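Next up, structure-v5.txt (compact mmCIF, C-alpha atoms and all ligand atoms):
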# COMPACT_ATOMS: atom_id res chain seq x y z
CA MET A 209 12.53 15.51 41.80
CA ILE A 210 15.94 16.39 43.15
CA PRO A 211 16.04 16.04 46.91
CA SER A 212 17.70 18.45 49.23
CA PRO A 213 21.31 18.87 50.13
CA ARG A 214 23.77 16.08 50.41
CA PRO A 215 23.52 14.50 53.86
CA PRO A 216 26.50 14.48 56.17
CA LEU A 217 28.59 11.33 56.00
CA GLY A 218 28.23 8.69 58.68
CA ARG A 219 29.04 9.20 62.29
CA LEU A 220 31.70 7.99 64.68
CA ARG A 221 31.54 4.30 63.88
CA ALA A 222 31.57 4.97 60.18
CA ALA A 223 34.42 7.43 60.58
CA ALA A 224 36.48 4.85 62.46
CA LEU A 225 35.74 2.27 59.80
CA ALA A 226 36.61 4.62 56.98
CA ALA A 227 39.81 5.81 58.67
CA GLY A 228 41.00 2.23 58.97
CA PHE A 229 40.23 1.58 55.35
CA PHE A 230 41.89 4.77 54.11
CA ALA A 231 45.07 3.84 55.99
CA LEU A 232 44.96 0.42 54.36
CA THR A 233 44.27 1.68 50.88
CA LEU A 234 47.23 4.04 51.06
CA LEU A 235 49.60 1.14 51.70
CA GLY A 236 49.60 -0.08 48.16
CA ALA A 237 49.09 3.16 46.33
CA PRO A 238 52.53 4.70 45.79
CA HIS A 239 54.09 1.62 44.24
CA ALA A 240 51.26 0.53 41.99
CA SER A 241 52.61 -0.30 38.56
CA LEU A 242 50.86 1.78 35.95
CA GLY A 243 52.66 0.81 32.76
CA GLY A 244 51.02 -1.11 29.97
CA ASP A 245 50.23 -3.90 32.42
CA ALA A 246 47.11 -5.93 31.97
CA ARG A 247 46.64 -5.85 35.75
CA ILE A 248 47.37 -3.23 38.39
CA GLU A 249 49.53 -4.77 41.14
CA PRO A 250 49.22 -4.57 44.04
CA PRO A 251 45.46 -4.59 43.56
CA ILE A 252 43.40 -1.50 44.34
CA MET A 253 41.11 -2.37 47.24
CA VAL A 254 37.61 -3.56 46.32
CA VAL A 255 34.49 -3.25 48.46
CA ASP A 256 31.88 -5.13 46.44
CA LEU A 257 28.26 -4.15 47.14
CA HIS A 258 26.73 -7.42 45.91
CA VAL A 259 28.17 -10.94 45.92
CA ASP A 260 25.74 -13.88 46.04
CA LEU A 261 27.94 -16.33 47.95
CA PRO A 262 25.28 -16.91 50.63
CA TRP A 263 22.78 -18.02 47.96
CA GLN A 264 25.32 -20.51 46.60
CA VAL A 265 26.06 -21.97 50.02
CA HIS A 266 22.52 -21.87 51.42
CA PHE A 267 20.47 -22.91 48.39
CA LYS A 268 22.88 -24.42 45.87
CA GLY A 269 24.97 -26.77 48.03
CA ARG A 270 28.32 -25.02 47.69
CA SER A 271 30.88 -25.82 50.37
CA PRO A 272 31.50 -23.03 52.89
CA ASP A 273 35.22 -23.65 52.25
CA LEU A 274 34.70 -21.33 49.23
CA THR A 275 37.11 -23.16 46.93
CA GLU A 276 34.91 -22.77 43.82
CA GLY A 277 32.92 -20.14 41.95
CA HIS A 278 33.42 -16.50 40.94
CA ALA A 279 34.03 -15.46 44.54
CA ARG A 280 36.20 -18.33 45.78
CA LEU A 281 38.56 -17.19 48.53
CA ALA A 282 41.68 -17.26 46.34
CA ALA A 283 39.93 -15.05 43.74
CA LEU A 284 38.82 -12.54 46.39
CA LYS A 285 42.43 -12.29 47.57
CA ASP A 286 43.85 -11.86 44.05
CA GLY A 287 41.17 -9.28 43.26
CA GLY A 288 42.11 -7.09 46.21
CA TYR A 289 38.86 -7.49 48.16
CA GLY A 290 38.82 -5.55 51.43
CA GLY A 291 35.06 -5.62 51.90
CA ILE A 292 32.07 -7.60 50.69
CA VAL A 293 28.33 -7.23 51.06
CA PHE A 294 26.57 -10.56 51.63
CA PRO A 295 22.90 -10.39 50.64
CA ILE A 296 20.27 -12.53 52.28
CA TYR A 297 18.62 -13.28 48.95
CA LEU A 298 15.08 -14.56 49.44
CA PRO A 299 13.91 -16.20 46.20
CA ASP A 300 10.27 -15.48 45.35
CA LYS A 301 9.77 -19.23 44.85
CA THR A 302 11.08 -20.27 48.29
CA HIS A 303 7.53 -21.36 49.22
CA LYS A 304 4.25 -21.38 47.33
CA ASP A 305 3.42 -18.05 48.97
CA GLY A 306 6.92 -16.62 48.58
CA ALA A 307 9.68 -16.38 51.18
CA HIS A 308 9.05 -16.12 54.92
CA ILE A 309 10.86 -14.11 57.58
CA GLU A 310 12.24 -17.36 59.04
CA ASP A 311 13.98 -17.95 55.70
CA ALA A 312 15.89 -14.71 56.26
CA ASP A 313 16.96 -16.03 59.67
CA ALA A 314 18.11 -19.28 58.08
CA VAL A 315 20.20 -17.53 55.40
CA LEU A 316 21.67 -15.21 58.04
CA ALA A 317 22.77 -18.30 59.97
CA THR A 318 24.48 -19.54 56.79
CA ILE A 319 26.24 -16.18 56.37
CA GLU A 320 27.46 -16.36 59.97
CA LYS A 321 28.68 -19.90 59.27
CA ILE A 322 30.59 -18.80 56.14
CA ILE A 323 32.25 -15.98 58.05
CA ALA A 324 33.12 -18.12 61.10
CA HIS A 325 34.48 -20.86 58.84
CA ASN A 326 36.91 -18.61 56.95
CA PRO A 327 39.40 -16.49 58.93
CA ALA A 328 39.79 -14.30 55.82
CA PHE A 329 36.49 -12.63 56.81
CA LEU A 330 36.00 -10.20 59.66
CA PRO A 331 32.74 -10.58 61.62
CA LEU A 332 29.68 -8.70 60.35
CA GLY A 333 29.82 -5.01 61.14
CA SER A 334 33.36 -4.97 62.58
CA ALA A 335 34.26 -1.31 63.01
CA PHE A 336 37.87 -1.88 62.04
CA ALA A 337 39.83 -3.06 59.05
CA GLU A 338 42.79 -5.41 59.08
CA PRO A 339 45.34 -5.96 56.30
CA GLY A 340 44.69 -9.19 54.46
CA ARG A 341 41.20 -9.67 55.89
CA ILE A 342 37.85 -8.85 54.33
CA SER A 343 35.18 -6.80 56.12
CA THR A 344 31.67 -8.19 55.77
CA PHE A 345 28.38 -6.31 55.52
CA LEU A 346 24.82 -7.64 55.58
CA ALA A 347 22.05 -6.91 53.07
CA ILE A 348 18.64 -8.33 52.17
CA GLU A 349 17.65 -8.79 48.53
CA GLY A 350 13.89 -9.13 48.08
CA ALA A 351 12.40 -8.31 51.48
CA GLY A 352 8.74 -8.94 50.57
CA ALA A 353 8.44 -11.46 53.42
CA PHE A 354 8.70 -8.60 55.92
CA ALA A 355 5.32 -7.24 54.82
CA ALA A 356 3.90 -9.82 57.26
CA ASP A 357 5.50 -7.90 60.17
CA VAL A 358 7.68 -4.89 59.34
CA SER A 359 8.92 -4.67 62.95
CA GLN A 360 10.90 -7.88 62.36
CA ILE A 361 13.42 -5.89 60.28
CA ASP A 362 14.62 -4.19 63.47
CA ARG A 363 16.52 -7.20 64.78
CA PHE A 364 18.29 -7.64 61.42
CA ILE A 365 19.36 -3.98 61.50
CA ASP A 366 20.52 -4.47 65.09
CA HIS A 367 22.53 -7.41 63.74
CA GLY A 368 24.32 -5.17 61.24
CA LEU A 369 21.99 -5.06 58.23
CA ARG A 370 23.03 -2.11 56.04
CA LEU A 371 21.01 -2.44 52.82
CA VAL A 372 17.61 -3.88 52.00
CA SER A 373 15.77 -4.13 48.67
CA PRO A 374 11.97 -4.26 48.90
CA ALA A 375 11.53 -6.45 45.81
CA HIS A 376 13.49 -8.80 43.56
CA GLY A 377 12.43 -10.07 40.14
CA LYS A 378 8.69 -9.99 40.84
CA ASN A 379 6.37 -7.53 42.49
CA SER A 380 6.39 -8.04 46.26
CA PRO A 381 3.88 -7.09 48.97
CA LEU A 382 6.20 -4.10 49.63
CA SER A 383 6.98 -2.84 46.14
CA SER A 384 6.68 -3.30 42.42
CA SER A 385 9.74 -4.72 40.67
CA ALA A 386 11.50 -3.37 37.57
CA THR A 387 10.73 -6.75 36.02
CA GLY A 388 7.34 -7.29 37.65
CA GLU A 389 4.19 -7.99 35.71
CA ARG A 390 2.68 -4.63 36.44
CA VAL A 391 4.76 -1.57 37.26
CA ASP A 392 2.14 1.18 37.43
CA PHE A 393 2.48 1.39 41.20
CA GLY A 394 5.56 1.94 43.34
CA LEU A 395 5.74 1.13 47.03
CA THR A 396 2.61 -0.29 48.63
CA ALA A 397 1.28 1.26 51.84
CA VAL A 398 3.12 -1.32 53.93
CA GLY A 399 6.15 -0.84 51.68
CA LYS A 400 6.24 2.86 52.57
CA GLU A 401 5.97 2.00 56.26
CA PHE A 402 8.78 -0.53 55.83
CA CYS A 403 11.14 1.93 54.09
CA GLU A 404 10.46 4.62 56.71
CA ARG A 405 11.37 2.09 59.37
CA VAL A 406 14.56 0.96 57.62
CA TYR A 407 15.89 4.52 57.35
CA ALA A 408 14.78 5.50 60.86
CA LYS A 409 16.64 2.48 62.27
CA GLY A 410 19.80 3.47 60.36
CA ALA A 411 19.92 1.11 57.39
CA LEU A 412 19.43 1.99 53.71
CA VAL A 413 16.88 0.94 51.11
CA ASP A 414 18.50 -0.60 48.03
CA VAL A 415 16.80 0.55 44.81
CA SER A 416 18.32 -2.22 42.67
CA HIS A 417 15.48 -4.35 41.24
CA VAL A 418 12.64 -1.95 42.10
CA SER A 419 10.49 -0.26 39.44
CA ASP A 420 10.88 3.38 38.40
CA ALA A 421 7.70 4.22 40.34
CA ALA A 422 9.08 2.61 43.51
CA PHE A 423 12.40 4.43 42.97
CA ALA A 424 10.48 7.72 43.00
CA ASP A 425 8.57 6.76 46.16
CA ILE A 426 11.81 5.77 47.92
CA VAL A 427 13.46 9.10 47.00
CA ILE A 428 10.74 11.01 48.88
CA ILE A 429 11.14 8.86 52.01
CA ALA A 430 14.96 8.93 51.87
CA ALA A 431 14.94 12.74 51.67
CA ARG A 432 13.07 12.92 54.99
CA HIS A 433 15.89 10.94 56.61
CA GLY A 434 18.80 12.65 54.82
CA ALA A 435 19.65 9.25 53.35
CA PRO A 436 21.60 8.56 50.17
CA ILE A 437 19.90 6.61 47.38
CA VAL A 438 21.87 3.44 46.75
CA ALA A 439 21.57 0.98 43.87
CA THR A 440 23.95 -1.80 44.92
CA HIS A 441 24.12 -3.57 41.54
CA SER A 442 22.58 -1.60 38.67
CA ASN A 443 24.00 -0.15 35.44
CA ALA A 444 23.07 2.72 33.12
CA ARG A 445 19.96 2.26 30.97
CA ALA A 446 21.31 4.73 28.41
CA VAL A 447 24.07 2.20 27.63
CA ALA A 448 22.11 -1.04 28.07
CA LYS A 449 18.36 -0.66 27.69
CA MET A 450 17.14 -2.97 30.44
CA PRO A 451 14.41 -2.13 32.97
CA ARG A 452 16.78 -3.24 35.76
CA ASN A 453 19.21 -0.45 34.81
CA LEU A 454 19.06 3.20 35.90
CA THR A 455 18.00 6.16 33.79
CA ASP A 456 20.28 9.20 33.61
CA ASP A 457 17.73 11.14 35.69
CA GLN A 458 17.88 8.45 38.37
CA LEU A 459 21.68 8.62 38.30
CA ARG A 460 21.51 12.39 38.86
CA ILE A 461 19.19 11.85 41.83
CA ILE A 462 21.57 9.26 43.26
CA ALA A 463 24.39 11.80 42.96
CA ALA A 464 22.35 14.63 44.50
CA THR A 465 21.66 12.51 47.58
CA GLY A 466 25.29 11.44 48.04
CA GLY A 467 24.45 7.88 46.98
CA VAL A 468 26.05 5.38 44.63
CA ALA A 469 25.27 3.05 41.73
CA GLY A 470 27.26 -0.19 41.84
CA VAL A 471 28.38 -1.49 38.46
CA ASN A 472 26.86 -4.91 37.73
CA PHE A 473 28.91 -7.41 35.66
CA HIS A 474 26.02 -9.49 34.28
CA ALA A 475 26.57 -9.29 30.50
CA PRO A 476 22.94 -8.43 29.51
CA PHE A 477 22.90 -5.57 32.04
CA VAL A 478 26.27 -4.34 30.68
CA THR A 479 25.43 -4.29 26.97
CA GLY A 480 21.74 -5.12 26.59
CA GLY A 481 22.78 -8.21 24.57
CA ALA A 482 23.90 -11.72 25.48
CA ASP A 483 27.63 -11.00 25.66
CA ALA A 484 29.95 -8.40 27.11
CA THR A 485 33.65 -7.76 27.46
CA LEU A 486 35.80 -5.92 29.96
CA ASP A 487 35.78 -2.94 27.57
CA ASP A 488 31.96 -2.87 27.70
CA VAL A 489 32.15 -2.62 31.50
CA VAL A 490 34.58 0.27 31.07
CA LYS A 491 31.97 1.98 28.87
CA GLN A 492 29.34 1.51 31.58
CA VAL A 493 31.69 2.93 34.23
CA GLU A 494 32.54 5.92 32.03
CA HIS A 495 28.87 6.71 31.43
CA LEU A 496 27.99 6.36 35.11
CA VAL A 497 30.88 8.68 36.01
CA LYS A 498 29.91 11.17 33.30
CA ILE A 499 26.31 11.43 34.55
CA ALA A 500 26.59 10.81 38.32
CA GLY A 501 30.17 11.94 39.01
CA ILE A 502 33.24 10.11 40.28
CA GLU A 503 31.99 10.04 43.90
CA HIS A 504 28.78 8.21 43.03
CA VAL A 505 29.92 5.08 41.24
CA ALA A 506 30.81 1.85 43.03
CA VAL A 507 30.92 -1.86 42.22
CA GLY A 508 28.25 -4.48 42.83
CA SER A 509 29.57 -7.31 40.69
CA ASP A 510 26.72 -9.80 41.28
CA PHE A 511 29.39 -12.52 41.21
CA ASP A 512 27.99 -15.97 41.99
CA GLY A 513 24.49 -14.65 41.39
CA GLY A 514 23.93 -16.82 38.33
CA ILE A 515 25.39 -14.13 36.09
CA THR A 516 27.13 -14.34 32.73
CA PRO A 517 30.33 -12.40 33.44
CA PRO A 518 32.05 -10.38 30.72
CA VAL A 519 35.05 -11.77 28.85
CA GLY A 520 38.06 -10.50 30.79
CA LEU A 521 36.13 -10.18 34.08
CA GLU A 522 35.41 -13.83 34.65
CA ASP A 523 35.64 -13.82 38.42
CA ALA A 524 36.60 -11.80 41.50
CA SER A 525 40.33 -12.11 40.74
CA THR A 526 40.00 -9.90 37.65
CA PHE A 527 39.46 -6.49 39.31
CA PRO A 528 43.12 -5.49 38.73
CA ALA A 529 42.49 -5.92 34.98
CA LEU A 530 39.49 -3.56 35.21
CA ALA A 531 41.66 -1.10 37.15
CA ALA A 532 44.34 -1.24 34.47
CA ALA A 533 41.77 -0.65 31.72
CA LEU A 534 40.26 2.36 33.52
CA ILE A 535 43.72 3.84 34.11
CA ARG A 536 44.63 3.32 30.44
CA ARG A 537 41.48 5.32 29.61
CA GLY A 538 42.84 8.22 31.67
CA MET A 539 41.37 7.65 35.11
CA SER A 540 43.69 8.29 38.06
CA HIS A 541 44.60 5.68 40.66
CA ASP A 542 42.60 7.68 43.21
CA ASP A 543 39.53 7.73 40.97
CA VAL A 544 39.65 3.96 40.61
CA LEU A 545 40.02 3.67 44.38
CA ARG A 546 36.89 5.79 44.81
CA ILE A 547 34.92 3.54 42.48
CA PHE A 548 36.32 0.27 43.83
CA SER A 549 35.90 1.00 47.55
CA GLN A 550 35.75 4.49 49.01
CA ASN A 551 32.32 5.45 47.65
CA ALA A 552 30.84 2.17 48.84
CA LEU A 553 32.35 2.63 52.31
CA ARG A 554 30.82 6.10 52.52
CA VAL A 555 27.28 4.83 52.04
CA LEU A 556 27.83 1.69 54.13
CA GLY A 557 28.82 4.00 56.99
CA TRP A 558 25.65 6.12 56.76
CA ARG A 559 23.64 6.73 59.91
CA PRO A 560 20.43 8.78 60.20
CA ILE A 561 20.53 12.38 61.24
CA ALA A 562 19.41 12.70 64.87
CA PRO A 563 15.87 14.03 64.99
CA ALA A 564 15.79 17.76 65.70
CA ALA A 565 15.06 18.71 69.29
CA PRO A 566 11.43 19.69 69.81
CA VAL A 567 10.93 23.42 69.38
CA GLU A 568 9.65 25.25 72.46
CA THR A 569 6.67 27.23 71.28
CA ARG A 570 6.31 29.27 74.43
ZN ZN B 601 20.11 -8.88 42.09
Rewrite the structure from the file as C-alpha cells, please.
Ligand SMILES: [Zn+2]
Amino acid sequence: MIPSPRPPLGRLRAAALAAGFFALTLLGAPHASLGGDARIEPPIMVVDLHVDLPWQVHFKGRSPDLTEGHARLAALKDGGYGGIVFPIYLPDKTHKDGAHIEDADAVLATIEKIIAHNPAFLPLGSAFAEPGRISTFLAIEGAGAFAADVSQIDRFIDHGLRLVSPAHGKNSPLSSSATGERVDFGLTAVGKEFCERVYAKGALVDVSHVSDAAFADIVIIAARHGAPIVATHSNARAVAKMPRNLTDDQLRIIAATGGVAGVNFHAPFVTGGADATLDDVVKQVEHLVKIAGIEHVAVGSDFDGGITPPVGLEDASTFPALAAALIRRGMSHDDVLRIFSQNALRVLGWRPIAPAAPVETR
C-alpha cells in the first residue's frame, strides 16, 4: 500500500538544526574541485545513518580514543563527516535469553563516554552545528529487549533516541527479522504497541533488518503518525538479491512517505556476492535514486559493523572518492549533498504531527 501524503518536515528544533547544517554545507560548495579528481575536495558533508563504533568500544575492546578502525577520528575528518548516528546495538547473544534493557543503558553510557572523550563530537541531540565538529544522534539496533516493558523506551527517546529497529539478525519478541528462521509474521502484538509508542513519542522505527511482513506492518502504523519510513542501512534487492535489502516496491513506499534508504557498504549487500568495488556502490546508489528519487537516498555505511567494505571505499575517509565517482556519472554537487547529508538530516529532524484538537460534536 502507498500511504498518504508526505508529512511536513520536522518542527522548530529540526529547522534550527537543518539551518545550521545548510549554512555549513554551503561553505565548501562553490570551490569544490570537479575535474577528473579521484576525490572531491573539500569533502561534501556526510551524515552517516549507521556506524557501529559503540559496538567496537563496548563489546570489542576498542579504545575510546578512536585511533583505529573504519571510523577512526582521522578518517571521519578526511571523509567530511558532519553527523553520525551511533546505534546501541544489542546482540541477540548478549545473554542466554537475549539482550536486556539494562544492556541498552550500558551501551548508552559507552556512547556518552565516547562523545565526552573526543571534542570532535557534539553532545547527543545538540540543536546546532559547528564547523569541524560532528553532530551525534542515537539509535537502537535490535530492540527486542524492550518487549519486557515497552514504556522503558520513553526515557531513551527523552535522551535523544531518533531511530529504533525492532529486530536484528533473528526474530525478536517485537518483530520477525529479514534473516529470521520464520518470516511469515510481521510485528508481534507487543511489537505493534512498541512501534506506536516510538512514533507517538517522536522517534522513528528503522526498517533495516526487519522482514517484509514487518515492513508492511510498520508502514500502516507510520501512516497514522505521518512518519517517514526509514531504512538506515539497506540497499536495493533488485541489484543485490539479499533478504536484508529493499524491494523496488518498498523503495517507492519509502519515497511516498518522505523517508530514506541509507546505502550500506557491506560487499554482499552491495553486489550479492563476496566482493564489491566503489563502482558497485555507485550502481546501488543509481538504482536507489532511479526508483526512490534523489530526496530519498542517504548513507548508512555500517562502518565498523564487521563489514567487508568495497575496494575503493575502505573506510570513512573515502567518501570524497564516492562523491567524485557520482559526479563523474553526471550527478550534481547538490545531488551528492542530498544523498550524503541533507536527506538524512530531514528524517532525523522529524517530529510527530500534533494530535488534532477534539471535534466539538454539539
Ligand atoms: Zn545492521
Could you check how far atom CA of Ile499 of chain A sits from atom CA of Gly467 of chain A, in Å to one decimal?
->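 According to the coordinates, atom CA of Ile499 of chain A and atom CA of Gly467 of chain A are separated by 13.1 Å.
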Which residue of A:Ile348, A:Ala279, A:Ala532, A:Ile502 approaches ligand ZN 601 (chain B) most closely, using only C-alpha atoms and all ligand atoms |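 Answer, going by the shortest atom-to-atom distance: A:Ile348.
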Do a neighbour search on Asn472 of chain A at 12 Å with only C-alpha atoms, toss out local chain neighbours closer than 5 positions, and write the hits as a VMD selection string.
-> chain A and resid 256 to 259 416 to 417 439 to 444 448 452 to 454 477 to 479 484 486 488 to 490 492 to 493 496 505 to 513 515 to 518 521
Only C-alpha atoms, please: the residues just picked out, written as a short mmCIF file (atom, residue, chain, number, x, y, z; two decimals), in the frame of the given file.
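The resulting file, out18.cif, is shown below:
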data_model
loop_
_atom_site.label_atom_id
_atom_site.label_comp_id
_atom_site.auth_asym_id
_atom_site.auth_seq_id
_atom_site.Cartn_x
_atom_site.Cartn_y
_atom_site.Cartn_z
CA ASP A 256 31.88 -5.13 46.44
CA LEU A 257 28.26 -4.15 47.14
CA HIS A 258 26.73 -7.42 45.91
CA VAL A 259 28.17 -10.94 45.92
CA SER A 416 18.32 -2.22 42.67
CA HIS A 417 15.48 -4.35 41.24
CA ALA A 439 21.57 0.98 43.87
CA THR A 440 23.95 -1.80 44.92
CA HIS A 441 24.12 -3.57 41.54
CA SER A 442 22.58 -1.60 38.67
CA ASN A 443 24.00 -0.15 35.44
CA ALA A 444 23.07 2.72 33.12
CA ALA A 448 22.11 -1.04 28.07
CA ARG A 452 16.78 -3.24 35.76
CA ASN A 453 19.21 -0.45 34.81
CA LEU A 454 19.06 3.20 35.90
CA PHE A 477 22.90 -5.57 32.04
CA VAL A 478 26.27 -4.34 30.68
CA THR A 479 25.43 -4.29 26.97
CA ALA A 484 29.95 -8.40 27.11
CA LEU A 486 35.80 -5.92 29.96
CA ASP A 488 31.96 -2.87 27.70
CA VAL A 489 32.15 -2.62 31.50
CA VAL A 490 34.58 0.27 31.07
CA GLN A 492 29.34 1.51 31.58
CA VAL A 493 31.69 2.93 34.23
CA LEU A 496 27.99 6.36 35.11
CA VAL A 505 29.92 5.08 41.24
CA ALA A 506 30.81 1.85 43.03
CA VAL A 507 30.92 -1.86 42.22
CA GLY A 508 28.25 -4.48 42.83
CA SER A 509 29.57 -7.31 40.69
CA ASP A 510 26.72 -9.80 41.28
CA PHE A 511 29.39 -12.52 41.21
CA ASP A 512 27.99 -15.97 41.99
CA GLY A 513 24.49 -14.65 41.39
CA ILE A 515 25.39 -14.13 36.09
CA THR A 516 27.13 -14.34 32.73
CA PRO A 517 30.33 -12.40 33.44
CA PRO A 518 32.05 -10.38 30.72
CA LEU A 521 36.13 -10.18 34.08
#
What does the distance between atom CA of Gly340 of chain A and atom CA of Phe294 of chain A come to in Å, to one decimal place?
-> 18.4 Å
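Closest approach to ligand ZN 601 (chain B) from the set A:Glu249, A:Glu276, A:Asp414, A:Asp362 is made by A:Asp414, with distances taken over all atoms listed in the file.
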Here atom CA of Pro331 of chain A and atom CA of Ser549 of chain A stand apart by 18.5 Å
Residue among A:Ala464, A:Ala408, A:Ala347, A:Ala421 lying closest to ligand ZN 601 (chain B), counting all atoms listed in the file |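 Closest to ligand ZN 601 (chain B) of all the choices is A:Ala347.
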Excluding segment 384-392 of chain A and residues on its chain fewer than 3 positions from it, collect all residues at most 7 Å away from it, counting all atoms listed in the file, and give them as an NGL selection string.
-> :A and (375-380 or 395 or 417-422 or 451-452)
Give me the residues within 12 Å of Asp456 of chain A as a count of residues only, counting all atoms listed in the file and dropping any in the same chain fewer than 4 places off.
-> 19
Which residues come within 9 Å of Leu298 of chain A, counting all atoms listed in the file, excluding same-chain residues fewer than 4 positions away, as a PyMOL selection string?
-> chain A and resi 263+302+306-308+311-312+315+348-353+376
Grab the residues selected above and save them as a compact mmCIF listing (two decimals), in the frame of the given file with C-alpha atoms.
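Once everything was written out, this is again_33.txt:
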# COMPACT_ATOMS: atom_id res chain seq x y z
CA TRP A 263 22.78 -18.02 47.96
CA THR A 302 11.08 -20.27 48.29
CA GLY A 306 6.92 -16.62 48.58
CA ALA A 307 9.68 -16.38 51.18
CA HIS A 308 9.05 -16.12 54.92
CA ASP A 311 13.98 -17.95 55.70
CA ALA A 312 15.89 -14.71 56.26
CA VAL A 315 20.20 -17.53 55.40
CA ILE A 348 18.64 -8.33 52.17
CA GLU A 349 17.65 -8.79 48.53
CA GLY A 350 13.89 -9.13 48.08
CA ALA A 351 12.40 -8.31 51.48
CA GLY A 352 8.74 -8.94 50.57
CA ALA A 353 8.44 -11.46 53.42
CA HIS A 376 13.49 -8.80 43.56
Keeping just N, CA and C atoms, export segment 294-309 of chain A of this structure as a JSON list (two decimals), in the first residue's frame.
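Output (selection13.json):
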[["chain", "number", "residue", "atom", "x", "y", "z"],
["A", 294, "PHE", "N", 24.95, 6.89, 16.13],
["A", 294, "PHE", "CA", 25.54, 5.82, 16.95],
["A", 294, "PHE", "C", 24.44, 4.87, 17.39],
["A", 295, "PRO", "N", 24.43, 3.64, 16.87],
["A", 295, "PRO", "CA", 23.42, 2.68, 17.33],
["A", 295, "PRO", "C", 23.83, 2.02, 18.64],
["A", 296, "ILE", "N", 22.85, 1.86, 19.52],
["A", 296, "ILE", "CA", 23.00, 0.93, 20.64],
["A", 296, "ILE", "C", 22.65, -0.42, 20.05],
["A", 297, "TYR", "N", 23.67, -1.16, 19.62],
["A", 297, "TYR", "CA", 23.41, -2.48, 19.04],
["A", 297, "TYR", "C", 23.37, -3.49, 20.18],
["A", 298, "LEU", "N", 22.27, -4.22, 20.24],
["A", 298, "LEU", "CA", 22.09, -5.21, 21.31],
["A", 298, "LEU", "C", 22.14, -6.61, 20.69],
["A", 299, "PRO", "N", 23.32, -7.25, 20.72],
["A", 299, "PRO", "CA", 23.44, -8.57, 20.09],
["A", 299, "PRO", "C", 22.45, -9.57, 20.69],
["A", 300, "ASP", "N", 21.87, -10.39, 19.82],
["A", 300, "ASP", "CA", 20.90, -11.40, 20.27],
["A", 300, "ASP", "C", 21.54, -12.34, 21.30],
["A", 301, "LYS", "N", 22.86, -12.51, 21.20],
["A", 301, "LYS", "CA", 23.53, -13.49, 22.09],
["A", 301, "LYS", "C", 24.12, -12.84, 23.34],
["A", 302, "THR", "N", 23.67, -11.61, 23.68],
["A", 302, "THR", "CA", 24.22, -10.94, 24.86],
["A", 302, "THR", "C", 24.06, -11.81, 26.11],
["A", 303, "HIS", "N", 22.88, -12.39, 26.28],
["A", 303, "HIS", "CA", 22.63, -13.36, 27.36],
["A", 303, "HIS", "C", 21.94, -14.56, 26.73],
["A", 304, "LYS", "N", 21.81, -15.61, 27.53],
["A", 304, "LYS", "CA", 21.13, -16.81, 27.03],
["A", 304, "LYS", "C", 19.74, -16.48, 26.49],
["A", 305, "ASP", "N", 19.07, -15.55, 27.18],
["A", 305, "ASP", "CA", 17.70, -15.18, 26.77],
["A", 305, "ASP", "C", 17.70, -13.87, 25.99],
["A", 306, "GLY", "N", 18.81, -13.57, 25.33],
["A", 306, "GLY", "CA", 18.87, -12.36, 24.51],
["A", 306, "GLY", "C", 19.38, -11.18, 25.31],
["A", 307, "ALA", "N", 19.23, -9.98, 24.76],
["A", 307, "ALA", "CA", 19.70, -8.77, 25.45],
["A", 307, "ALA", "C", 18.63, -8.27, 26.42],
["A", 308, "HIS", "N", 19.06, -7.52, 27.43],
["A", 308, "HIS", "CA", 18.15, -6.94, 28.41],
["A", 308, "HIS", "C", 18.16, -5.42, 28.27],
["A", 309, "ILE", "N", 17.13, -4.78, 28.83],
["A", 309, "ILE", "CA", 17.06, -3.32, 28.75],
["A", 309, "ILE", "C", 18.29, -2.68, 29.41]]
